[in-house]
Every structure is written in C-alpha cells, then in structure tokens.
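Coordinates as given in target_8.pdb (PDB, C-alpha atoms (C1' of nucleotides) and all ligand atoms):
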```pdb
MODEL        1
ATOM      1  CA  MET A   1     -23.989 -12.563 -27.497
ATOM      2  CA  ALA A   2     -23.117 -10.413 -24.493
ATOM      3  CA  GLU A   3     -25.432 -11.327 -21.663
ATOM      4  CA  LYS A   4     -27.500  -8.472 -20.368
ATOM      5  CA  LEU A   5     -25.940  -7.430 -17.110
ATOM      6  CA  GLU A   6     -28.525  -6.423 -14.533
ATOM      7  CA  ILE A   7     -28.155  -5.100 -11.028
ATOM      8  CA  PRO A   8     -29.632  -7.831  -8.828
ATOM      9  CA  LYS A   9     -33.203  -7.462  -7.616
ATOM     10  CA  GLY A  10     -33.457  -5.593  -4.348
ATOM     11  CA  TYR A  11     -30.388  -3.423  -4.867
ATOM     12  CA  ARG A  12     -30.529   0.211  -5.877
ATOM     13  CA  HIS A  13     -29.368   1.597  -9.161
ATOM     14  CA  THR A  14     -26.741   4.061  -8.074
ATOM     15  CA  LYS A  15     -24.476   5.767 -10.531
ATOM     16  CA  GLN A  16     -21.441   4.271  -8.806
ATOM     17  CA  ARG A  17     -22.798   0.755  -9.125
ATOM     18  CA  LYS A  18     -23.660   1.198 -12.759
ATOM     19  CA  ALA A  19     -20.268   2.706 -13.502
ATOM     20  CA  ILE A  20     -18.452  -0.197 -11.866
ATOM     21  CA  LEU A  21     -20.423  -2.698 -13.916
ATOM     22  CA  GLU A  22     -19.662  -0.798 -17.105
ATOM     23  CA  ILE A  23     -15.956  -0.970 -16.420
ATOM     24  CA  LEU A  24     -16.210  -4.687 -15.759
ATOM     25  CA  GLU A  25     -18.097  -5.183 -18.995
ATOM     26  CA  LYS A  26     -15.506  -3.326 -21.008
ATOM     27  CA  ALA A  27     -12.589  -5.081 -19.335
ATOM     28  CA  GLU A  28     -10.924  -7.786 -21.373
ATOM     29  CA  PHE A  29      -9.706  -9.716 -18.359
ATOM     30  CA  PRO A  30      -9.777  -9.706 -14.566
ATOM     31  CA  ILE A  31      -8.783  -6.351 -13.078
ATOM     32  CA  HIS A  32      -7.966  -4.924  -9.672
ATOM     33  CA  ALA A  33     -10.356  -2.884  -7.556
ATOM     34  CA  GLU A  34      -7.945  -0.021  -7.921
ATOM     35  CA  ASP A  35      -7.960  -0.302 -11.709
ATOM     36  CA  ILE A  36     -11.673   0.377 -11.590
ATOM     37  CA  TYR A  37     -11.033   3.311  -9.310
ATOM     38  CA  LEU A  38      -8.469   4.790 -11.673
ATOM     39  CA  LYS A  39     -10.509   4.275 -14.810
ATOM     40  CA  LEU A  40     -13.501   5.943 -13.256
ATOM     41  CA  LYS A  41     -11.322   8.811 -12.149
ATOM     42  CA  GLU A  42     -10.120   9.165 -15.749
ATOM     43  CA  ASN A  43     -13.733   9.315 -16.822
ATOM     44  CA  GLY A  44     -14.132  12.242 -14.460
ATOM     45  CA  MET A  45     -16.039  10.322 -11.824
ATOM     46  CA  ASP A  46     -15.217  10.810  -8.186
ATOM     47  CA  ILE A  47     -15.828   7.606  -6.308
ATOM     48  CA  SER A  48     -14.540   6.059  -3.122
ATOM     49  CA  LEU A  49     -12.433   2.938  -3.147
ATOM     50  CA  SER A  50     -14.531   1.492  -0.366
ATOM     51  CA  THR A  51     -17.628   1.885  -2.476
ATOM     52  CA  ILE A  52     -15.882  -0.100  -5.152
ATOM     53  CA  TYR A  53     -14.908  -2.819  -2.731
ATOM     54  CA  ARG A  54     -18.379  -2.955  -1.254
ATOM     55  CA  ASN A  55     -19.950  -3.290  -4.663
ATOM     56  CA  LEU A  56     -17.508  -5.892  -5.879
ATOM     57  CA  ASP A  57     -18.243  -7.796  -2.740
ATOM     58  CA  MET A  58     -21.954  -7.826  -3.236
ATOM     59  CA  LEU A  59     -21.645  -8.549  -6.951
ATOM     60  CA  THR A  60     -19.406 -11.475  -6.146
ATOM     61  CA  LYS A  61     -21.817 -12.803  -3.564
ATOM     62  CA  GLU A  62     -24.654 -12.446  -6.048
ATOM     63  CA  GLY A  63     -22.638 -14.393  -8.579
ATOM     64  CA  LEU A  64     -22.411 -11.620 -11.140
ATOM     65  CA  VAL A  65     -18.710 -11.208 -10.693
ATOM     66  CA  VAL A  66     -15.846 -13.607 -10.097
ATOM     67  CA  LYS A  67     -12.953 -12.809  -7.788
ATOM     68  CA  SER A  68      -9.567 -14.345  -8.437
ATOM     69  CA  TYR A  69      -5.883 -14.005  -7.699
ATOM     70  CA  MET A  70      -3.311 -14.197 -10.436
ATOM     71  CA  LEU A  71      -0.057 -16.093 -10.170
ATOM     72  CA  GLY A  72       2.450 -14.196  -8.103
ATOM     73  CA  GLU A  73       0.072 -11.378  -7.272
ATOM     74  CA  ASP A  74      -1.206 -10.493  -3.864
ATOM     75  CA  LYS A  75      -4.276  -8.493  -4.695
ATOM     76  CA  ALA A  76      -7.630  -9.677  -5.941
ATOM     77  CA  ARG A  77      -8.947  -9.277  -9.453
ATOM     78  CA  PHE A  78     -12.546  -9.126 -10.518
ATOM     79  CA  ALA A  79     -14.216 -10.038 -13.784
ATOM     80  CA  LEU A  80     -17.473 -11.109 -15.332
ATOM     81  CA  PRO A  81     -17.734 -14.901 -15.278
ATOM     82  CA  ASP A  82     -16.988 -15.318 -18.962
ATOM     83  CA  LYS A  83     -13.527 -13.920 -18.379
ATOM     84  CA  LYS A  84     -12.422 -16.172 -15.594
ATOM     85  CA  ASN A  85     -10.438 -18.729 -17.572
ATOM     86  CA  TYR A  86      -7.267 -17.345 -19.001
ATOM     87  CA  LEU A  87      -3.689 -17.685 -20.098
ATOM     88  CA  VAL A  88      -1.064 -15.454 -18.500
ATOM     89  CA  CYS A  89       2.353 -14.692 -19.916
ATOM     90  CA  GLU A  90       4.990 -15.105 -17.230
ATOM     91  CA  LYS A  91       7.282 -12.635 -18.965
ATOM     92  CA  CYS A  92       5.091  -9.685 -19.880
ATOM     93  CA  GLY A  93       1.908 -10.389 -17.957
ATOM     94  CA  LYS A  94      -0.305 -10.424 -21.016
ATOM     95  CA  ILE A  95      -3.619 -12.098 -20.343
ATOM     96  CA  VAL A  96      -5.666 -13.922 -22.959
ATOM     97  CA  ILE A  97      -9.117 -15.233 -22.206
ATOM     98  CA  ILE A  98      -9.865 -18.871 -22.965
ATOM     99  CA  ASP A  99     -13.214 -18.645 -24.660
ATOM    100  CA  ASN A 100     -14.452 -22.173 -24.944
ATOM    101  CA  CYS A 101     -12.957 -23.587 -21.829
ATOM    102  CA  PRO A 102     -12.180 -27.209 -22.569
ATOM    103  CA  PHE A 103     -12.661 -27.975 -18.947
ATOM    104  CA  ASP A 104     -16.391 -28.147 -19.384
ATOM    105  CA  LYS A 105     -15.994 -31.454 -21.158
ATOM    106  CA  PHE A 106     -14.580 -32.947 -18.016
ATOM    107  CA  LYS A 107     -17.314 -32.105 -15.635
ATOM    108  CA  GLU A 108     -18.964 -35.461 -16.169
ATOM    109  CA  GLU A 109     -15.737 -37.311 -15.604
ATOM    110  CA  LEU A 110     -15.168 -35.443 -12.335
ATOM    111  CA  VAL A 111     -18.740 -36.003 -11.237
ATOM    112  CA  GLU A 112     -18.389 -39.724 -11.763
ATOM    113  CA  VAL A 113     -15.032 -40.025 -10.085
ATOM    114  CA  HIS A 114     -15.641 -37.825  -7.056
ATOM    115  CA  GLY A 115     -19.393 -37.567  -6.763
ATOM    116  CA  PHE A 116     -19.404 -33.782  -6.528
ATOM    117  CA  ASP A 117     -22.157 -31.666  -8.011
ATOM    118  CA  ILE A 118     -20.062 -29.185  -9.914
ATOM    119  CA  THR A 119     -21.178 -25.568  -9.900
ATOM    120  CA  GLY A 120     -18.172 -23.829 -11.376
ATOM    121  CA  HIS A 121     -14.482 -23.800 -12.013
ATOM    122  CA  SER A 122     -11.667 -21.472 -12.793
ATOM    123  CA  VAL A 123      -8.564 -22.186 -14.769
ATOM    124  CA  GLU A 124      -5.325 -20.288 -14.871
ATOM    125  CA  VAL A 125      -2.760 -21.368 -17.400
ATOM    126  CA  TYR A 126       0.668 -19.770 -17.458
ATOM    127  CA  GLY A 127       3.377 -19.757 -20.003
ATOM    128  CA  VAL A 128       5.142 -17.547 -22.501
ATOM    129  CA  CYS A 129       3.268 -15.603 -25.150
ATOM    130  CA  PRO A 130       4.286 -15.565 -28.821
ATOM    131  CA  GLU A 131       5.798 -12.068 -28.625
ATOM    132  CA  CYS A 132       7.922 -12.894 -25.616
ATOM    133  CA  LYS A 133       9.111 -16.059 -27.263
ATOM    134  CA  LYS A 134      10.590 -13.945 -30.077
ATOM    135  CA  THR A 135      11.914 -11.097 -27.969
ATOM    136  CA  ASN A 136      13.310 -12.632 -24.808
ATOM    137  CA  VAL A 137      15.419 -15.168 -26.585
ATOM    138  CA  GLY A 138      18.512 -15.357 -24.452
TER     139      GLY A 138
ATOM    140  CA  MET B 139       5.986 -42.366  -6.599
ATOM    141  CA  ALA B 140       6.566 -39.417  -4.311
ATOM    142  CA  GLU B 141       9.190 -37.204  -5.881
ATOM    143  CA  LYS B 142      12.220 -36.661  -3.726
ATOM    144  CA  LEU B 143      11.928 -33.175  -2.319
ATOM    145  CA  GLU B 144      15.264 -31.400  -2.063
ATOM    146  CA  ILE B 145      16.186 -28.005  -0.736
ATOM    147  CA  PRO B 146      17.435 -26.097  -3.776
ATOM    148  CA  LYS B 147      21.162 -25.840  -4.360
ATOM    149  CA  GLY B 148      22.738 -22.877  -2.625
ATOM    150  CA  TYR B 149      20.294 -22.744   0.256
ATOM    151  CA  ARG B 150      21.104 -23.972   3.712
ATOM    152  CA  HIS B 151      19.526 -26.949   5.373
ATOM    153  CA  THR B 152      18.027 -25.392   8.452
ATOM    154  CA  LYS B 153      15.703 -27.293  10.739
ATOM    155  CA  GLN B 154      12.965 -24.744  10.097
ATOM    156  CA  ARG B 155      13.220 -25.187   6.346
ATOM    157  CA  LYS B 156      13.168 -28.947   6.575
ATOM    158  CA  ALA B 157      10.236 -28.886   8.967
ATOM    159  CA  ILE B 158       8.225 -26.665   6.638
ATOM    160  CA  LEU B 159       8.848 -28.982   3.722
ATOM    161  CA  GLU B 160       7.797 -31.976   5.784
ATOM    162  CA  ILE B 161       4.511 -30.362   6.616
ATOM    163  CA  LEU B 162       3.940 -29.559   2.968
ATOM    164  CA  GLU B 163       4.703 -33.130   2.005
ATOM    165  CA  LYS B 164       2.253 -34.515   4.503
ATOM    166  CA  ALA B 165      -0.474 -32.050   3.609
ATOM    167  CA  GLU B 166      -3.265 -33.435   1.494
ATOM    168  CA  PHE B 167      -4.124 -30.092  -0.083
ATOM    169  CA  PRO B 168      -3.036 -26.452  -0.136
ATOM    170  CA  ILE B 169      -2.682 -24.973   3.350
ATOM    171  CA  HIS B 170      -2.172 -21.557   4.905
ATOM    172  CA  ALA B 171       1.136 -20.260   6.210
ATOM    173  CA  GLU B 172      -0.444 -20.164   9.615
ATOM    174  CA  ASP B 173      -1.497 -23.816   9.375
ATOM    175  CA  ILE B 174       2.148 -24.696   9.033
ATOM    176  CA  TYR B 175       2.932 -22.510  11.999
ATOM    177  CA  LEU B 176       0.310 -24.214  14.150
ATOM    178  CA  LYS B 177       1.242 -27.740  13.127
ATOM    179  CA  LEU B 178       4.873 -27.102  13.909
ATOM    180  CA  LYS B 179       3.899 -25.656  17.238
ATOM    181  CA  GLU B 180       1.920 -28.835  17.944
ATOM    182  CA  ASN B 181       5.022 -30.816  17.127
ATOM    183  CA  GLY B 182       6.777 -28.829  19.808
ATOM    184  CA  MET B 183       8.742 -26.638  17.430
ATOM    185  CA  ASP B 184       9.056 -22.951  18.082
ATOM    186  CA  ILE B 185       9.287 -21.103  14.806
ATOM    187  CA  SER B 186       8.525 -17.606  13.644
ATOM    188  CA  LEU B 187       5.734 -16.880  11.190
ATOM    189  CA  SER B 188       8.044 -14.672   9.196
ATOM    190  CA  THR B 189      10.461 -17.519   8.782
ATOM    191  CA  ILE B 190       7.616 -19.530   7.361
ATOM    192  CA  TYR B 191       6.642 -16.773   4.972
ATOM    193  CA  ARG B 192      10.217 -16.224   3.878
ATOM    194  CA  ASN B 193      10.703 -19.909   3.195
ATOM    195  CA  LEU B 194       7.419 -20.298   1.354
ATOM    196  CA  ASP B 195       8.425 -17.341  -0.717
ATOM    197  CA  MET B 196      11.740 -18.754  -1.744
ATOM    198  CA  LEU B 197      10.287 -22.217  -2.316
ATOM    199  CA  THR B 198       7.656 -20.683  -4.532
ATOM    200  CA  LYS B 199      10.225 -18.712  -6.489
ATOM    201  CA  GLU B 200      12.291 -21.852  -6.887
ATOM    202  CA  GLY B 201       9.250 -23.682  -8.186
ATOM    203  CA  LEU B 202       9.086 -26.265  -5.438
ATOM    204  CA  VAL B 203       5.873 -24.899  -4.048
ATOM    205  CA  VAL B 204       2.747 -23.448  -5.586
ATOM    206  CA  LYS B 205       0.870 -20.545  -4.053
ATOM    207  CA  SER B 206      -2.857 -20.180  -4.601
ATOM    208  CA  TYR B 207      -5.973 -18.527  -3.285
ATOM    209  CA  MET B 208      -9.154 -20.484  -2.756
ATOM    210  CA  LEU B 209     -12.572 -19.274  -3.708
ATOM    211  CA  GLY B 210     -13.850 -16.747  -1.214
ATOM    212  CA  GLU B 211     -10.679 -16.721   0.845
ATOM    213  CA  ASP B 212      -8.356 -13.843   1.314
ATOM    214  CA  LYS B 213      -5.221 -15.572   2.426
ATOM    215  CA  ALA B 214      -2.754 -17.563   0.407
ATOM    216  CA  ARG B 215      -2.359 -21.310   0.451
ATOM    217  CA  PHE B 216       0.739 -23.289  -0.375
ATOM    218  CA  ALA B 217       1.194 -26.806  -1.667
ATOM    219  CA  LEU B 218       3.509 -29.070  -3.561
ATOM    220  CA  PRO B 219       2.764 -28.858  -7.276
ATOM    221  CA  ASP B 220       0.992 -32.202  -7.439
ATOM    222  CA  LYS B 221      -1.704 -30.861  -5.162
ATOM    223  CA  LYS B 222      -2.600 -27.742  -7.038
ATOM    224  CA  ASN B 223      -5.631 -28.997  -8.936
ATOM    225  CA  TYR B 224      -8.572 -29.629  -6.706
ATOM    226  CA  LEU B 225     -12.286 -29.749  -6.060
ATOM    227  CA  VAL B 226     -13.699 -27.674  -3.200
ATOM    228  CA  CYS B 227     -17.045 -28.194  -1.551
ATOM    229  CA  GLU B 228     -18.902 -24.910  -1.229
ATOM    230  CA  LYS B 229     -20.830 -26.148   1.785
ATOM    231  CA  CYS B 230     -18.267 -27.797   4.028
ATOM    232  CA  GLY B 231     -14.990 -26.709   2.489
ATOM    233  CA  LYS B 232     -13.761 -30.216   1.840
ATOM    234  CA  ILE B 233     -10.947 -30.304  -0.670
ATOM    235  CA  VAL B 234     -10.208 -33.225  -2.956
ATOM    236  CA  ILE B 235      -7.161 -33.322  -5.165
ATOM    237  CA  ILE B 236      -7.637 -34.025  -8.844
ATOM    238  CA  ASP B 237      -4.917 -36.520  -9.524
ATOM    239  CA  ASN B 238      -4.781 -36.923 -13.237
ATOM    240  CA  CYS B 239      -5.687 -33.447 -14.239
ATOM    241  CA  PRO B 240      -7.532 -33.756 -17.505
ATOM    242  CA  PHE B 241      -6.356 -30.337 -18.418
ATOM    243  CA  ASP B 242      -3.059 -31.670 -19.598
ATOM    244  CA  LYS B 243      -4.762 -33.092 -22.632
ATOM    245  CA  PHE B 244      -5.622 -29.588 -23.744
ATOM    246  CA  LYS B 245      -2.221 -28.062 -23.678
ATOM    247  CA  GLU B 246      -1.716 -28.791 -27.341
ATOM    248  CA  GLU B 247      -5.022 -27.274 -28.245
ATOM    249  CA  LEU B 248      -4.181 -24.110 -26.337
ATOM    250  CA  VAL B 249      -0.729 -23.938 -27.838
ATOM    251  CA  GLU B 250      -2.145 -24.104 -31.327
ATOM    252  CA  VAL B 251      -4.882 -21.587 -30.744
ATOM    253  CA  HIS B 252      -2.944 -18.974 -28.795
ATOM    254  CA  GLY B 253       0.681 -19.684 -29.546
ATOM    255  CA  PHE B 254       1.726 -19.744 -25.900
ATOM    256  CA  ASP B 255       4.429 -22.034 -24.602
ATOM    257  CA  ILE B 256       2.615 -23.462 -21.628
ATOM    258  CA  THR B 257       4.603 -23.981 -18.453
ATOM    259  CA  GLY B 258       1.859 -24.711 -15.958
ATOM    260  CA  HIS B 259      -1.724 -24.377 -14.925
ATOM    261  CA  SER B 260      -3.930 -24.509 -11.924
ATOM    262  CA  VAL B 261      -7.513 -25.568 -11.771
ATOM    263  CA  GLU B 262     -10.043 -24.945  -9.055
ATOM    264  CA  VAL B 263     -13.385 -26.654  -9.388
ATOM    265  CA  TYR B 264     -16.137 -25.905  -6.921
ATOM    266  CA  GLY B 265     -19.363 -27.659  -6.158
ATOM    267  CA  VAL B 266     -21.076 -29.755  -3.531
ATOM    268  CA  CYS B 267     -19.534 -32.925  -2.150
ATOM    269  CA  PRO B 268     -21.449 -36.214  -1.823
ATOM    270  CA  GLU B 269     -21.890 -35.871   1.957
ATOM    271  CA  CYS B 270     -23.278 -32.357   1.726
ATOM    272  CA  LYS B 271     -25.655 -33.428  -0.995
ATOM    273  CA  LYS B 272     -27.220 -35.884   1.439
ATOM    274  CA  THR B 273     -27.167 -33.711   4.522
ATOM    275  CA  ASN B 274     -28.017 -30.219   3.408
ATOM    276  CA  VAL B 275     -31.129 -31.233   1.566
ATOM    277  CA  GLY B 276     -33.505 -28.389   2.214
TER     278      GLY B 276
ATOM    279  C1'  DA C 277      37.631 -28.585  16.202
ATOM    280  C1'  DT C 278      38.199 -23.426  15.334
ATOM    281  C1'  DA C 279      37.567 -19.214  13.235
ATOM    282  C1'  DG C 280      35.681 -16.616   9.473
ATOM    283  C1'  DT C 281      31.954 -15.705   6.246
ATOM    284  C1'  DT C 282      27.288 -15.750   4.706
ATOM    285  C1'  DT C 283      22.677 -17.127   5.247
ATOM    286  C1'  DT C 284      18.807 -17.549   8.090
ATOM    287  C1'  DT C 285      16.169 -16.633  12.013
ATOM    288  C1'  DG C 286      13.223 -14.081  15.399
ATOM    289  C1'  DC C 287      11.131 -10.140  16.877
ATOM    290  C1'  DA C 288       9.107  -5.894  16.320
ATOM    291  C1'  DA C 289       7.767  -2.423  13.394
ATOM    292  C1'  DA C 290       6.077  -1.263   8.761
ATOM    293  C1'  DT C 291       3.314  -2.019   4.755
ATOM    294  C1'  DT C 292      -0.685  -2.808   1.971
ATOM    295  C1'  DA C 293      -4.971  -4.530   0.525
ATOM    296  C1'  DT C 294      -9.302  -4.718   2.281
ATOM    297  C1'  DT C 295     -12.945  -3.811   5.760
ATOM    298  C1'  DT C 296     -15.718  -1.240   8.879
ATOM    299  C1'  DG C 297     -18.167   2.615  11.723
ATOM    300  C1'  DC C 298     -20.726   6.360  11.287
ATOM    301  C1'  DA C 299     -22.674  10.644   9.638
ATOM    302  C1'  DT C 300     -24.603  12.124   5.305
ATOM    303  C1'  DT C 301     -26.632  11.481   0.824
ATOM    304  C1'  DT C 302     -29.476   9.185  -2.455
ATOM    305  C1'  DG C 303     -33.000   5.961  -4.668
ATOM    306  C1'  DA C 304     -37.325   4.343  -4.804
ATOM    307  C1'  DA C 305     -41.807   3.786  -3.032
ATOM    308  C1'  DT C 306     -45.963   6.022  -1.357
TER     309       DT C 306
ATOM    310  C1'  DA D 307     -43.029  16.026  -1.652
ATOM    311  C1'  DT D 308     -42.275  12.860   2.217
ATOM    312  C1'  DT D 309     -40.307   8.946   4.067
ATOM    313  C1'  DC D 310     -37.025   5.387   5.079
ATOM    314  C1'  DA D 311     -33.884   1.928   3.993
ATOM    315  C1'  DA D 312     -29.858   1.337   1.313
ATOM    316  C1'  DA D 313     -25.595   3.238  -0.389
ATOM    317  C1'  DT D 314     -21.764   6.445  -0.200
ATOM    318  C1'  DG D 315     -17.496   8.838   1.470
ATOM    319  C1'  DC D 316     -14.078   9.456   4.664
ATOM    320  C1'  DA D 317     -11.274   8.155   8.262
ATOM    321  C1'  DA D 318      -9.911   4.754  11.273
ATOM    322  C1'  DA D 319      -9.339  -0.250  12.010
ATOM    323  C1'  DT D 320      -7.937  -5.007  10.406
ATOM    324  C1'  DA D 321      -5.321  -8.740   8.981
ATOM    325  C1'  DA D 322      -2.107 -10.899   6.061
ATOM    326  C1'  DT D 323       2.289 -10.362   4.597
ATOM    327  C1'  DT D 324       6.824  -8.008   4.408
ATOM    328  C1'  DT D 325      10.907  -5.867   6.096
ATOM    329  C1'  DG D 326      15.018  -4.049   9.021
ATOM    330  C1'  DC D 327      18.263  -5.385  11.972
ATOM    331  C1'  DA D 328      20.888  -7.760  15.465
ATOM    332  C1'  DA D 329      21.721 -12.408  17.050
ATOM    333  C1'  DA D 330      22.127 -17.382  15.893
ATOM    334  C1'  DA D 331      23.044 -21.193  12.911
ATOM    335  C1'  DA D 332      25.050 -23.337   8.704
ATOM    336  C1'  DC D 333      28.946 -23.802   5.792
ATOM    337  C1'  DT D 334      33.823 -23.283   4.456
ATOM    338  C1'  DA D 335      38.290 -23.253   4.826
ATOM    339  C1'  DT D 336      41.921 -23.641   8.052
TER     340       DT D 336
HETATM  341 MN    MN A 401      -3.737  -3.224 -11.634
HETATM  342 MN    MN A 402      -6.159 -22.476   7.685
HETATM  343 ZN    ZN A 403       4.560 -12.103 -23.043
HETATM  344 ZN    ZN A 404     -19.243 -30.805   1.541
ENDMDL
END
```
Would you give me this structure, written as structure tokens?
Amino acid sequence: MAEKLEIPKGYRHTKQRKAILEILEKAEFPIHAEDIYLKLKENGMDISLSTIYRNLDMLTKEGLVVKSYMLGEDKARFALPDKKNYLVCEKCGKIVIIDNCPFDKFKEELVEVHGFDITGHSVEVYGVCPECKKTNVG
Amino acid sequence: MAEKLEIPKGYRHTKQRKAILEILEKAEFPIHAEDIYLKLKENGMDISLSTIYRNLDMLTKEGLVVKSYMLGEDKARFALPDKKNYLVCEKCGKIVIIDNCPFDKFKEELVEVHGFDITGHSVEVYGVCPECKKTNVG
DNA sequence: ATAGTTTTTGCAAATTATTTGCATTTGAAT
DNA sequence: ATTCAAATGCAAATAATTTGCAAAAACTAT
C-alpha cells in the first residue's frame, strides 16, 4: 500500500536527500528537522542541518512532505502526507495517526457552503491517551 | 451568543490585557502577535510586543486563546477558540471560519477506535476561494 | 486615601529555530 | 573524462519569541 516515494523530476539523487526521505518513510508521525539530523547521525551519516532544512523545504514545496506545528510546540514537524492527521496526548505527547480521516466526508459539505475548491486539510486532535487515563488519575 | 470573555481569576485587569482581549474578540480569524501590536498602535495605544507575547502565553495556558500556525507560515497566530477551524485560500490567503465544525460528530468514533479522551481539535482546510477561481484562471 | 505587597510592564539583551552566502563537492549529461 | 548546474557544509545572519530586571500599575489591607 505504501506509495512509491520518488525524488521529484529535475532534482538530483544525492545520498543526503535519499536518506532524509528514508527517515520520513520510517517515521510513524511528524518529526522535527533535528530528529532527522540525530537519526542520521546514529546511522553513522554526517550531514548538515541546513541540508536537511533545505531538502525539507523543497520537498514541502513539491508536495511530497507536509509541514506542521504541534500544539504547544514552537518548532516545525515534517511528515509524509498520510501522517498529517493525528491525535496527540496532552499528558505524555504520544501521537497516533488517524488513518481514515473522517474529514474527507465533509469536503462536499464545505464546498457547497463556502464555494472553495478544497485541495487539502490537516487535523490535530488532542486529548488523553488510554495509558495516561489509567496512570495520571489524581 | 458571544461568550463573555473574562480575565482568569488571579490575574490583574490591566489596560494592556483588556486591550489585547478586545482585539482578539473583534478578529475574524487567527492573527499574529504583531497584528495585535499594530492594531493597538493604530488605536493610539503604546504597548510592548513582549507584553503581548506574555499575555498571549498566559491566555493560551489558561485555555482562553488558541495558538496555531497556518500553512506555509512560520509565525504563530492566536484566536479565540471559536475561530480555530478555518478554510484558507492558497492563492489570496483569505480565511473563512468553519462555524459548525463537522469534526465534532466524529469524536465518538475516534474515542472508540483509539481510546482517547478528546479535549479539543483544530482543523485547517486549504483550497481556492470562489473569487480566486474566477480570477486566476490560467 | 495611604502604604505595603505582588503582578505586570517596557526595554534591551538573549535565545532558538530557521535561513542564507559562498566556496567546495557531487550528480548527471555529453 | 569533461563539463556545468545543482547540492552540500560551514559559518554568519535572520526573525520570532523569550527573558532579566528595574520601574510602574493593580490590589489589599489599613
Ligand atoms: Mn524532536
Ligand atoms: Mn500578520
Ligand atoms: Zn498519554
Ligand atoms: Zn482566494
């Protein structure tokens, strides 16, 4: 089911670029530029943070990647588009992807009401995860 | 229908704080800290940007205000909670609030599937507004 | 109203994520 | 292999936001 992720036409296949995309593919939810930096460093790769930012930028502009900010955070996260709708636990920060985003069903309604052509959306839902409900009782 | 907006218990009623809240009440959609600064300056008020940031911070922590980042932007916006679900036009930047957010209907579904207690959500939908559809044809 | 106490403000300096300039390296095409 | 534009790394620059601290304003209790 995983869509084949290709470097956009016209851009070069550098090892840095490919490595960044691999990390994004493996990620389960939106991550920080620095997370990519650290994971690549773990993997023994020496890469510059600015290279990561520059690539995330171009991937975002090309529509391959989605940039977002999580509740209460002040630094951007990046993810493949299928990971952009999620639940966040306010207590522990756990993130769970919403697979079949129910919002899709409402596109028509929004189109009718507001007349927009809708090209995308992103949904952040926050609350308390099952584990934290048990633990943090009082 | 407009909820009465009160400065939280324990905080002082300063003219800066009240002025910031007024601007947020009048705003039709999420705005930048600096927008508040400029509007107050227009109104003849001399206020410090850091005062604005500090107040937005506390109002956000107290739950009176919601902080968000719009697609492609790199600075935070602030709004009263009833203005946090919106449509944005990718061409002209127009923002339209989604009044009866259809997402509410899916809380139950999400609760059942993921077991989260849901406390809130924010939805950003992007697309092209009616005007831009006409204008930017080719 | 006055005086005492605590919060809030303003300003300047600090911080932090992100961006940019530029010399060097690399990918891809011939 | 040669060529040339695109991409990288590093250091320096930006820009939004935060913070320290002394002065001012809001409350409280006289
Ligand atoms: Mn991180
Ligand atoms: Mn603005
Ligand atoms: Zn949790
Ligand atoms: Zn428009």
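The two atoms in question, atom CA of Thr51 of chain A and atom CA of Gln16 of chain A, are spaced 7.8 Å apart.
Across the model, the gap from atom CA of Lys91 of chain A to atom CA of Lys243 of chain B is 24.0 Å.
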task = Please check which protein, DNA or RNA residues sit within 7 Å of ligand ZN 404 (chain A), counting only C-alpha atoms (C1' of nucleotides) and all ligand atoms, and write them as an MDAnalysis selection string.
result = chainID B and resid 227:232 266:270
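Residues surrounding DC316 of chain D within 12 Å are Ile47, Ser48, Leu49, Ser50 and Thr51 of chain A; DT296, DG297, DC298, DA299 and DT300 of chain C [all atoms listed in the file; sequence separation below 5 positions excluded].
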Explicit residues for the PyMOL selection byres (((not hetatm)) within 9 of (chain A and resi 402)) (as a PyMOL selection string) = chain B and resi 169-174+213+215
message = Since I can't run it myself right now, could you work out what the PyMOL selection byres ((chain C) within 12 of (chain B)) selects here and report it as a PyMOL selection string?
response = chain C and resi 282-288+293-295
task = Name the residues that the PyMOL selection byres ((chain A and not hetatm) within 10 of (chain B)) pulls out of this structure, and write them as an MDAnalysis selection string.
result = chainID A and resid 60:61 66:76 85:90 96:98 101:103 105:107 109:111 113:133
query = Looking at only C-alpha atoms (C1' of nucleotides), which of A:Leu80, A:Ile52, A:Leu24, A:Leu64 is the one that sits closest to chain D?
reply = A:Ile52
query = Could you name the residues that touch Phe167 of chain B at 7 Å or less, counting all atoms listed in the file, but leaving out those on the same chain fewer than 4 positions away, as a VMD selection string?
reply = chain B and resid 217 221 233 235
Serialized selection, C-alpha atoms, as a short mmCIF file (atom, residue, chain, number, x, y, z; two decimals), in the coordinates of the input:
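Okay, again33.cif is ready:
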```
data_model
loop_
_atom_site.label_atom_id
_atom_site.label_comp_id
_atom_site.auth_asym_id
_atom_site.auth_seq_id
_atom_site.Cartn_x
_atom_site.Cartn_y
_atom_site.Cartn_z
CA ALA B 217 1.19 -26.81 -1.67
CA LYS B 221 -1.70 -30.86 -5.16
CA ILE B 233 -10.95 -30.30 -0.67
CA ILE B 235 -7.16 -33.32 -5.16
#
```
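For the pair atom CA of Glu250 of chain B and atom CA of Lys26 of chain A, the separation is 26.8 Å.
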task = Give the residues of chain D that lie within 10 Å of chain B; count all atoms listed in the file, and format the answer as a ChimeraX atom specification.
result = /D:321-325,331-333
query = Can you list, as a ChimeraX atom specification, every protein, DNA or RNA residue that comes within 9 Å of DT302 of chain C when you count all atoms listed in the file, leaving out same-chain residues fewer than 5 positions away?
reply = /A:14 /D:312-314
